[in-house]
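Visitor: Provided herewith: query_7.csv, CSV, C-alpha atoms.
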chain,number,residue,atom,x,y,z
A,1018,MET,CA,132.3,116.5,70.3
A,1019,ILE,CA,129.5,116.1,72.8
A,1020,ILE,CA,127.2,114.9,70.0
A,1021,GLU,CA,128.5,112.3,67.6
A,1022,GLN,CA,127.5,111.6,64.0
A,1023,GLU,CA,125.0,108.7,64.1
A,1024,ARG,CA,123.9,106.9,61.0
A,1025,ASP,CA,120.5,106.0,62.4
A,1026,ARG,CA,119.5,109.6,63.4
A,1027,PRO,CA,117.4,110.1,60.2
A,1028,PHE,CA,115.6,106.8,60.9
A,1029,ARG,CA,114.9,107.9,64.5
A,1030,LEU,CA,113.5,111.2,63.2
A,1031,LEU,CA,111.4,109.4,60.6
A,1032,ILE,CA,109.9,107.0,63.1
A,1033,SER,CA,109.2,109.5,65.8
A,1034,GLY,CA,107.9,112.0,63.3
A,1035,ALA,CA,105.6,109.4,61.8
A,1036,PHE,CA,104.1,108.5,65.2
A,1037,LEU,CA,103.7,112.1,66.0
A,1038,VAL,CA,101.9,112.9,62.7
A,1039,PHE,CA,99.6,109.9,63.2
A,1040,LEU,CA,98.7,111.0,66.7
A,1041,MET,CA,98.1,114.5,65.5
A,1042,LYS,CA,95.8,113.2,62.8
A,1043,VAL,CA,93.8,111.0,65.2
A,1044,VAL,CA,93.5,113.9,67.7
A,1045,MET,CA,92.3,116.3,65.0
A,1046,ASP,CA,89.8,113.7,63.8
A,1047,HIS,CA,88.3,113.6,67.3
A,1048,SER,CA,88.7,109.8,67.4
A,1049,GLY,CA,86.3,108.0,69.7
A,1050,PRO,CA,88.7,105.2,70.7
A,1051,LEU,CA,91.4,107.8,71.5
A,1052,GLN,CA,89.0,109.8,73.6
A,1053,PHE,CA,87.9,106.6,75.4
A,1054,MET,CA,91.5,105.7,76.1
A,1055,ASP,CA,92.2,109.2,77.4
A,1056,ASP,CA,89.1,109.1,79.7
A,1057,ILE,CA,90.2,105.8,81.2
A,1058,LEU,CA,93.7,107.1,81.9
A,1059,ILE,CA,92.4,110.3,83.4
A,1060,SER,CA,90.0,108.5,85.6
A,1061,ALA,CA,92.8,106.2,86.9
A,1062,VAL,CA,95.2,109.2,87.6
A,1063,GLN,CA,92.5,111.3,89.2
A,1064,LYS,CA,90.8,108.5,91.1
A,1065,HIS,CA,92.3,109.2,94.5
A,1066,THR,CA,92.8,112.9,95.0
A,1067,THR,CA,94.2,114.3,98.2
A,1068,GLY,CA,95.3,117.6,99.5
A,1069,THR,CA,98.9,116.4,99.6
A,1070,LYS,CA,98.8,115.3,96.0
A,1071,ASP,CA,97.2,118.6,95.0
A,1072,VAL,CA,100.0,120.6,96.6
A,1073,LEU,CA,102.8,118.2,95.3
A,1074,TYR,CA,101.6,118.1,91.7
A,1075,LYS,CA,101.0,121.9,91.6
A,1076,LEU,CA,104.5,122.4,92.8
A,1077,ILE,CA,105.9,120.0,90.2
A,1078,SER,CA,103.8,121.7,87.5
A,1079,THR,CA,105.1,125.1,88.5
A,1080,LEU,CA,108.7,124.1,88.5
A,1081,ALA,CA,108.2,122.6,85.0
A,1082,SER,CA,106.3,125.5,83.5
A,1083,PRO,CA,107.5,126.9,80.2
A,1084,THR,CA,108.5,130.1,82.0
A,1085,MET,CA,110.6,128.1,84.4
A,1086,ASP,CA,112.1,126.1,81.5
A,1087,ILE,CA,113.5,129.3,80.1
A,1088,ILE,CA,115.0,130.1,83.5
A,1089,TRP,CA,116.5,126.6,83.9
A,1090,VAL,CA,118.1,126.7,80.4
A,1091,LEU,CA,119.5,130.1,81.1
A,1092,VAL,CA,121.1,128.8,84.3
A,1093,ILE,CA,122.4,125.7,82.4
A,1094,GLY,CA,123.7,127.9,79.6
A,1095,PHE,CA,125.5,130.3,82.1
A,1096,LEU,CA,127.2,127.4,83.9
A,1097,LEU,CA,128.2,125.7,80.6
A,1098,TRP,CA,129.6,129.0,79.3
A,1099,GLY,CA,131.6,129.5,82.5
A,1100,PHE,CA,133.2,126.1,82.1
A,1101,LYS,CA,134.2,126.8,78.5
A,1102,TYR,CA,131.4,124.9,77.0
A,1103,LYS,CA,130.3,127.9,75.1
A,1104,ILE,CA,129.0,126.3,71.9
A,1105,PRO,CA,127.1,123.6,73.9
A,1106,ALA,CA,125.6,126.5,75.9
A,1107,LEU,CA,124.4,128.2,72.8
A,1108,TRP,CA,123.0,124.9,71.5
A,1109,ALA,CA,121.1,124.4,74.7
A,1110,LEU,CA,119.5,127.8,74.5
A,1111,GLY,CA,118.7,127.3,70.8
A,1112,THR,CA,117.3,123.8,71.3
A,1113,LEU,CA,114.8,124.9,73.9
A,1114,ILE,CA,113.8,128.2,72.3
A,1115,GLY,CA,113.6,126.7,68.8
A,1116,GLY,CA,111.6,123.8,70.2
A,1117,ASP,CA,109.1,126.2,71.9
A,1118,VAL,CA,108.5,127.8,68.5
A,1119,VAL,CA,107.9,124.3,66.9
A,1120,ALA,CA,105.6,123.3,69.8
A,1121,PHE,CA,103.6,126.6,69.4
A,1122,ILE,CA,103.1,125.9,65.7
A,1123,VAL,CA,102.0,122.3,66.4
A,1124,LYS,CA,99.5,123.5,69.0
A,1125,HIS,CA,98.0,125.9,66.5
A,1126,ILE,CA,97.8,123.2,63.8
A,1127,VAL,CA,96.0,120.7,66.0
A,1128,GLN,CA,94.0,123.2,68.1
A,1129,ARG,CA,92.8,120.7,70.7
A,1130,GLN,CA,90.8,122.2,73.5
A,1131,ARG,CA,91.8,121.4,77.0
A,1132,PRO,CA,89.9,119.0,79.2
A,1133,ILE,CA,86.7,120.3,80.8
A,1134,GLY,CA,87.3,121.7,84.3
A,1135,HIS,CA,91.0,122.6,83.8
A,1136,LEU,CA,92.6,125.3,85.9
A,1137,ALA,CA,92.0,128.9,84.8
A,1138,ALA,CA,95.7,129.4,84.7
A,1139,ASP,CA,96.1,126.8,82.0
A,1140,THR,CA,95.4,128.7,78.8
A,1141,GLY,CA,95.9,128.0,75.1
A,1142,TYR,CA,95.6,124.7,73.3
A,1143,SER,CA,96.1,121.3,74.8
A,1144,PHE,CA,98.2,119.3,72.3
A,1145,PRO,CA,101.1,118.9,72.9
A,1146,SER,CA,101.8,119.6,76.6
A,1147,GLY,CA,104.2,122.5,76.8
A,1148,HIS,CA,105.3,121.5,80.3
A,1149,VAL,CA,106.2,118.0,79.2
A,1150,PHE,CA,107.8,119.2,76.0
A,1151,GLY,CA,110.0,121.7,77.7
A,1152,THR,CA,111.0,119.2,80.5
A,1153,PHE,CA,111.8,116.6,77.9
A,1154,LEU,CA,114.2,119.0,76.2
A,1155,LEU,CA,115.8,120.1,79.4
A,1156,VAL,CA,116.3,116.4,80.4
A,1157,ALA,CA,117.8,115.7,77.0
A,1158,ILE,CA,120.2,118.7,77.2
A,1159,LEU,CA,121.5,117.6,80.6
A,1160,TRP,CA,121.6,113.9,79.5
A,1161,ILE,CA,123.8,114.8,76.5
A,1162,ILE,CA,126.0,117.5,77.9
A,1163,ALA,CA,126.2,117.3,81.7
A,1164,VAL,CA,125.7,113.6,82.7
A,1165,PRO,CA,128.7,112.3,80.7
A,1166,LEU,CA,130.9,114.6,82.8
A,1167,LEU,CA,130.0,112.8,86.0
A,1168,ALA,CA,132.9,110.8,87.5
A,1169,THR,CA,131.4,107.3,87.8
A,1170,MET,CA,129.0,105.1,85.9
A,1171,TRP,CA,126.9,104.7,89.0
A,1172,HIS,CA,126.4,108.5,89.3
A,1173,ARG,CA,125.5,108.7,85.6
A,1174,VAL,CA,122.9,105.9,85.9
A,1175,LEU,CA,121.5,107.4,89.1
A,1176,VAL,CA,121.1,110.9,87.6
A,1177,ARG,CA,119.5,109.6,84.5
A,1178,MET,CA,117.0,107.5,86.5
A,1179,LEU,CA,116.1,110.6,88.5
A,1180,MET,CA,115.6,112.6,85.3
A,1181,ILE,CA,113.3,110.0,83.8
A,1182,ILE,CA,111.3,109.9,87.1
A,1183,TRP,CA,111.0,113.7,87.0
A,1184,LEU,CA,109.8,113.7,83.4
A,1185,GLY,CA,107.2,111.1,84.4
A,1186,LEU,CA,106.0,113.1,87.4
A,1187,VAL,CA,105.6,116.2,85.2
A,1188,ALA,CA,103.5,114.3,82.7
A,1189,LEU,CA,101.5,112.8,85.6
A,1190,SER,CA,101.0,116.2,87.2
A,1191,ARG,CA,99.5,117.7,84.1
A,1192,VAL,CA,96.9,114.9,83.8
A,1193,TYR,CA,96.2,114.9,87.5
A,1194,LEU,CA,95.5,118.6,87.5
A,1195,GLY,CA,93.2,118.3,84.5
A,1196,ALA,CA,95.4,120.5,82.3
A,1197,HIS,CA,96.0,117.9,79.6
A,1198,TYR,CA,94.8,114.6,78.2
A,1199,PRO,CA,97.3,111.8,78.6
A,1200,THR,CA,97.9,111.7,74.8
A,1201,ASP,CA,98.9,115.4,75.0
A,1202,THR,CA,101.9,114.3,77.1
A,1203,ILE,CA,102.7,111.4,74.8
A,1204,GLY,CA,102.6,113.8,71.8
A,1205,ALA,CA,104.9,116.2,73.7
A,1206,MET,CA,107.5,113.5,74.1
A,1207,LEU,CA,107.3,112.4,70.5
A,1208,LEU,CA,107.6,116.0,69.3
A,1209,GLY,CA,110.5,116.5,71.8
A,1210,TYR,CA,112.3,113.4,70.5
A,1211,ALA,CA,111.8,114.4,66.9
A,1212,TRP,CA,113.0,117.9,67.4
A,1213,LEU,CA,116.0,116.7,69.4
A,1214,GLN,CA,117.2,114.7,66.3
A,1215,ILE,CA,117.0,117.9,64.2
A,1216,ALA,CA,118.8,119.9,67.0
A,1217,GLU,CA,121.6,117.4,67.2
A,1218,TRP,CA,122.1,117.5,63.4
A,1219,LEU,CA,122.2,121.3,63.6
A,1220,TYR,CA,124.9,121.1,66.3
A,1221,LEU,CA,127.0,118.8,64.1
A,1222,TRP,CA,126.6,121.2,61.2
A,1223,LEU,CA,127.0,124.5,63.1
A,1224,ALA,CA,129.5,123.7,65.9
A,1225,PRO,CA,132.6,123.6,63.6
A,1226,LYS,CA,131.6,126.9,62.1
A,1227,LEU,CA,131.0,128.5,65.5
A,1228,LYS,CA,134.5,127.3,66.5
A,1229,ASN,CA,136.0,129.8,64.1
A,1230,TRP,CA,134.2,132.7,65.8
A,1231,ARG,CA,136.4,134.7,68.2
A,1232,LEU,CA,133.9,134.6,71.0
A,1233,THR,CA,133.6,130.8,70.9
A,1234,HIS,CA,137.1,130.0,69.6
A,1235,HIS,CA,138.2,128.3,72.8
A,1236,SER,CA,135.0,126.4,73.4
A,1237,VAL,CA,134.8,122.7,74.1
A,1238,LEU,CA,132.9,121.0,71.3
As structure tokens, what does this structure read like?

Guide:
Amino acid sequence: MIIEQERDRPFRLLISGAFLVFLMKVVMDHSGPLQFMDDILISAVQKHTTGTKDVLYKLISTLASPTMDIIWVLVIGFLLWGFKYKIPALWALGTLIGGDVVAFIVKHIVQRQRPIGHLAADTGYSFPSGHVFGTFLLVAILWIIAVPLLATMWHRVLVRMLMIIWLGLVALSRVYLGAHYPTDTIGAMLLGYAWLQIAEWLYLWLAPKLKNWRLTHHSVL
């Protein structure tokens, strides 16, 4: 199977979930030290603004938008389905869509307002960052399913490094453009990691059952 049974998965879920809940509580309490840290990081990121940076980060932000995430996962799912990875394709779709539902719920629990001066196109609550959350899940899906299929270790390491850099750039772009506080991006990664543990467990539980379906009988697990 593309996802193996791992004994420490519940521990990883517990730790990431605990950090997430702690951060949510601090944000909801409007913590002064947290706001001070956010302000320092925002000032550092936005200190040297240029036209080139504006265009670059807007492009990155557009490519990593929640709408584009749906398009990317549909493309990934289509390719996986075509290569007989039908159950992983369904898992990829379910992981992103289910994750978006979870992120939506968390946003409405925390109800953090966006930074003053954010772009008019950025609507809704600020915590967690939807762009970063979706990108984290897409990176995780490719990390788990696609990267292991690469021929050499060097290719796998290179692609994983590029994906980490891309995730970092997405997080940076959201802070640079004033759409999020830095802790919104951290919260998005914590939520993404916690949700991934649940999604992996669901795969281990459901994949053998889906294997019995006629439509997915010949799928690679």

Visitor: Determine, counting only C-alpha atoms, which protein, DNA and RNA residues have an atom within 9 Å of an atom of segment 1232-1236 of chain A; residues of the same chain fewer than 2 positions away are not included. Present the result as a ChimeraX atom specification.

Guide: /A:1098,1100-1105,1227-1230,1238

Visitor: If we count all atoms listed in the file and set the cut-off at 12 Å, which residues sit around Asp1071 of chain A, ignoring sequence neighbours fewer than 4 positions away in its own chain? Please answer as a list in words.

Guide: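 Counting only the stated atoms, we get Gln1063, His1065, Thr1066, Thr1067, Lys1075, Leu1076, Ile1077, Ser1078, Leu1189, Ser1190, Arg1191, Val1192, Tyr1193, Leu1194 and Gly1195 of chain A.
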
Visitor: Kindly extract all protein, DNA and RNA residues lying within 12 Å of the coordinates (113.1, 118.0, 67.6) given in the file, considering all atoms listed in the file, and supply them as a VMD selection string.

Guide: chain A and resid 1026 to 1027 1029 to 1031 1033 to 1034 1037 1111 to 1120 1123 1150 to 1151 1153 to 1154 1157 to 1158 1205 to 1219

Visitor: Under the rule that all atoms listed in the file are counted, which of A:Ile1162, A:Ala1196, A:Gly1204, A:Trp1089 is the nearest residue to Gly1141 of chain A?

Guide: A:Ala1196

Visitor: A:Pro1132, A:Gly1049, A:Gly1147, A:Gly1094: which is nearest Val1187 of chain A, counting all atoms listed in the file?

Guide: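 Looking at the shortest contact to Val1187 of chain A, the residue is A:Gly1147.
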
Visitor: Just give me the gap between atom CA of Val1149 of chain A and atom CA of Ile1181 of chain A in Å, one decimal is fine.

Guide: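 Between atom CA of Val1149 of chain A and atom CA of Ile1181 of chain A the gap works out to 11.6 Å.
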
Visitor: From the options A:His1148, A:Leu1159, A:Asp1086, A:Asp1025, which residue's atoms come nearest to Trp1108 of chain A, counting only C-alpha atoms?

Guide: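 For Trp1108 of chain A, the nearest of the given residues is A:Leu1159.
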
Visitor: From the set A:Ala1163, A:Met1180, A:Val1092, A:Ala1061, which residue has the shortest atom-to-atom contact distance to Pro1199 of chain A, counting only C-alpha atoms?

Guide: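 Among the listed residues, the smallest separation from Pro1199 of chain A belongs to A:Ala1061.
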
Visitor: For atom CA of Ala1081 of chain A and atom CA of Leu1107 of chain A, determine how far apart the two atoms are, in Å to one decimal place.

Guide: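 For atom CA of Ala1081 of chain A relative to atom CA of Leu1107 of chain A, the distance reads 21.0 Å.
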
Visitor: With all atoms listed in the file as the atoms that count, which of A:Ile1203, A:Leu1073, A:Ile1122, A:Ile1020 lies nearest to Asp1055 of chain A?

Guide: A:Ile1203

Visitor: Would you mind writing segment 1141-1152 of chain A with all heavy atoms, as a PDB file, in the frame of the given file?

Guide:
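Listed below is the output, part_8.pdb:
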ATOM      1  N   GLY A1141      95.385 128.439  76.387  1.00  0.00           N
ATOM      2  CA  GLY A1141      95.900 128.000  75.100  1.00  0.00           C
ATOM      3  C   GLY A1141      95.452 126.550  74.809  1.00  0.00           C
ATOM      4  O   GLY A1141      94.675 125.939  75.544  1.00  0.00           O
ATOM      5  N   TYR A1142      95.957 126.040  73.691  1.00  0.00           N
ATOM      6  CA  TYR A1142      95.600 124.700  73.300  1.00  0.00           C
ATOM      7  C   TYR A1142      96.254 123.623  74.060  1.00  0.00           C
ATOM      8  O   TYR A1142      97.252 123.862  74.729  1.00  0.00           O
ATOM      9  CB  TYR A1142      95.848 124.541  71.767  1.00  0.00           C
ATOM     10  CG  TYR A1142      95.023 125.454  70.883  1.00  0.00           C
ATOM     11  CD1 TYR A1142      95.630 126.392  70.051  1.00  0.00           C
ATOM     12  CD2 TYR A1142      93.637 125.375  70.888  1.00  0.00           C
ATOM     13  CE1 TYR A1142      94.865 127.234  69.241  1.00  0.00           C
ATOM     14  CE2 TYR A1142      92.870 126.211  70.084  1.00  0.00           C
ATOM     15  CZ  TYR A1142      93.487 127.142  69.264  1.00  0.00           C
ATOM     16  OH  TYR A1142      92.730 127.962  68.470  1.00  0.00           O
ATOM     17  N   SER A1143      95.717 122.418  73.959  1.00  0.00           N
ATOM     18  CA  SER A1143      96.100 121.300  74.800  1.00  0.00           C
ATOM     19  C   SER A1143      97.242 120.444  74.280  1.00  0.00           C
ATOM     20  O   SER A1143      98.076 119.944  75.031  1.00  0.00           O
ATOM     21  CB  SER A1143      94.905 120.453  75.154  1.00  0.00           C
ATOM     22  OG  SER A1143      95.202 119.483  76.131  1.00  0.00           O
ATOM     23  N   PHE A1144      97.254 120.247  72.956  1.00  0.00           N
ATOM     24  CA  PHE A1144      98.200 119.300  72.300  1.00  0.00           C
ATOM     25  C   PHE A1144      99.273 120.047  71.571  1.00  0.00           C
ATOM     26  O   PHE A1144      98.977 120.856  70.695  1.00  0.00           O
ATOM     27  CB  PHE A1144      97.458 118.375  71.384  1.00  0.00           C
ATOM     28  CG  PHE A1144      98.322 117.314  70.740  1.00  0.00           C
ATOM     29  CD1 PHE A1144      98.349 116.023  71.250  1.00  0.00           C
ATOM     30  CD2 PHE A1144      99.109 117.601  69.638  1.00  0.00           C
ATOM     31  CE1 PHE A1144      99.146 115.045  70.658  1.00  0.00           C
ATOM     32  CE2 PHE A1144      99.914 116.642  69.048  1.00  0.00           C
ATOM     33  CZ  PHE A1144      99.927 115.358  69.564  1.00  0.00           C
ATOM     34  N   PRO A1145     100.546 119.774  71.852  1.00  0.00           N
ATOM     35  CA  PRO A1145     101.100 118.900  72.900  1.00  0.00           C
ATOM     36  C   PRO A1145     101.274 119.681  74.210  1.00  0.00           C
ATOM     37  O   PRO A1145     101.174 120.911  74.220  1.00  0.00           O
ATOM     38  CB  PRO A1145     102.470 118.526  72.322  1.00  0.00           C
ATOM     39  CG  PRO A1145     102.875 119.763  71.562  1.00  0.00           C
ATOM     40  CD  PRO A1145     101.610 120.310  70.971  1.00  0.00           C
ATOM     41  N   SER A1146     101.555 118.983  75.280  1.00  0.00           N
ATOM     42  CA  SER A1146     101.800 119.600  76.600  1.00  0.00           C
ATOM     43  C   SER A1146     103.095 120.411  76.553  1.00  0.00           C
ATOM     44  O   SER A1146     104.159 119.844  76.342  1.00  0.00           O
ATOM     45  CB  SER A1146     101.841 118.572  77.682  1.00  0.00           C
ATOM     46  OG  SER A1146     102.367 119.140  78.871  1.00  0.00           O
ATOM     47  N   GLY A1147     103.002 121.718  76.777  1.00  0.00           N
ATOM     48  CA  GLY A1147     104.200 122.500  76.800  1.00  0.00           C
ATOM     49  C   GLY A1147     105.102 122.217  77.981  1.00  0.00           C
ATOM     50  O   GLY A1147     106.332 122.269  77.865  1.00  0.00           O
ATOM     51  N   HIS A1148     104.494 121.897  79.125  1.00  0.00           N
ATOM     52  CA  HIS A1148     105.300 121.500  80.300  1.00  0.00           C
ATOM     53  C   HIS A1148     106.123 120.288  80.038  1.00  0.00           C
ATOM     54  O   HIS A1148     107.322 120.257  80.340  1.00  0.00           O
ATOM     55  CB  HIS A1148     104.352 121.250  81.497  1.00  0.00           C
ATOM     56  CG  HIS A1148     103.754 122.472  82.127  1.00  0.00           C
ATOM     57  ND1 HIS A1148     102.891 123.303  81.455  1.00  0.00           N
ATOM     58  CD2 HIS A1148     103.896 122.995  83.381  1.00  0.00           C
ATOM     59  CE1 HIS A1148     102.516 124.290  82.262  1.00  0.00           C
ATOM     60  NE2 HIS A1148     103.115 124.128  83.426  1.00  0.00           N
ATOM     61  N   VAL A1149     105.489 119.272  79.474  1.00  0.00           N
ATOM     62  CA  VAL A1149     106.200 118.000  79.200  1.00  0.00           C
ATOM     63  C   VAL A1149     107.228 118.189  78.108  1.00  0.00           C
ATOM     64  O   VAL A1149     108.349 117.661  78.198  1.00  0.00           O
ATOM     65  CB  VAL A1149     105.195 116.889  78.862  1.00  0.00           C
ATOM     66  CG1 VAL A1149     105.935 115.604  78.503  1.00  0.00           C
ATOM     67  CG2 VAL A1149     104.239 116.638  80.022  1.00  0.00           C
ATOM     68  N   PHE A1150     106.868 118.936  77.087  1.00  0.00           N
ATOM     69  CA  PHE A1150     107.800 119.200  76.000  1.00  0.00           C
ATOM     70  C   PHE A1150     109.056 119.881  76.470  1.00  0.00           C
ATOM     71  O   PHE A1150     110.184 119.450  76.168  1.00  0.00           O
ATOM     72  CB  PHE A1150     107.104 120.007  74.906  1.00  0.00           C
ATOM     73  CG  PHE A1150     107.986 120.355  73.745  1.00  0.00           C
ATOM     74  CD1 PHE A1150     108.292 119.406  72.781  1.00  0.00           C
ATOM     75  CD2 PHE A1150     108.508 121.630  73.608  1.00  0.00           C
ATOM     76  CE1 PHE A1150     109.110 119.722  71.703  1.00  0.00           C
ATOM     77  CE2 PHE A1150     109.323 121.956  72.537  1.00  0.00           C
ATOM     78  CZ  PHE A1150     109.625 121.006  71.584  1.00  0.00           C
ATOM     79  N   GLY A1151     108.887 120.957  77.231  1.00  0.00           N
ATOM     80  CA  GLY A1151     110.000 121.700  77.700  1.00  0.00           C
ATOM     81  C   GLY A1151     110.894 120.856  78.679  1.00  0.00           C
ATOM     82  O   GLY A1151     112.128 120.896  78.629  1.00  0.00           O
ATOM     83  N   THR A1152     110.225 120.086  79.536  1.00  0.00           N
ATOM     84  CA  THR A1152     111.000 119.200  80.500  1.00  0.00           C
ATOM     85  C   THR A1152     111.736 118.155  79.719  1.00  0.00           C
ATOM     86  O   THR A1152     112.879 117.847  80.064  1.00  0.00           O
ATOM     87  CB  THR A1152     109.985 118.567  81.468  1.00  0.00           C
ATOM     88  OG1 THR A1152     109.308 119.589  82.204  1.00  0.00           O
ATOM     89  CG2 THR A1152     110.729 117.657  82.441  1.00  0.00           C
TER      90      THR A1152
END
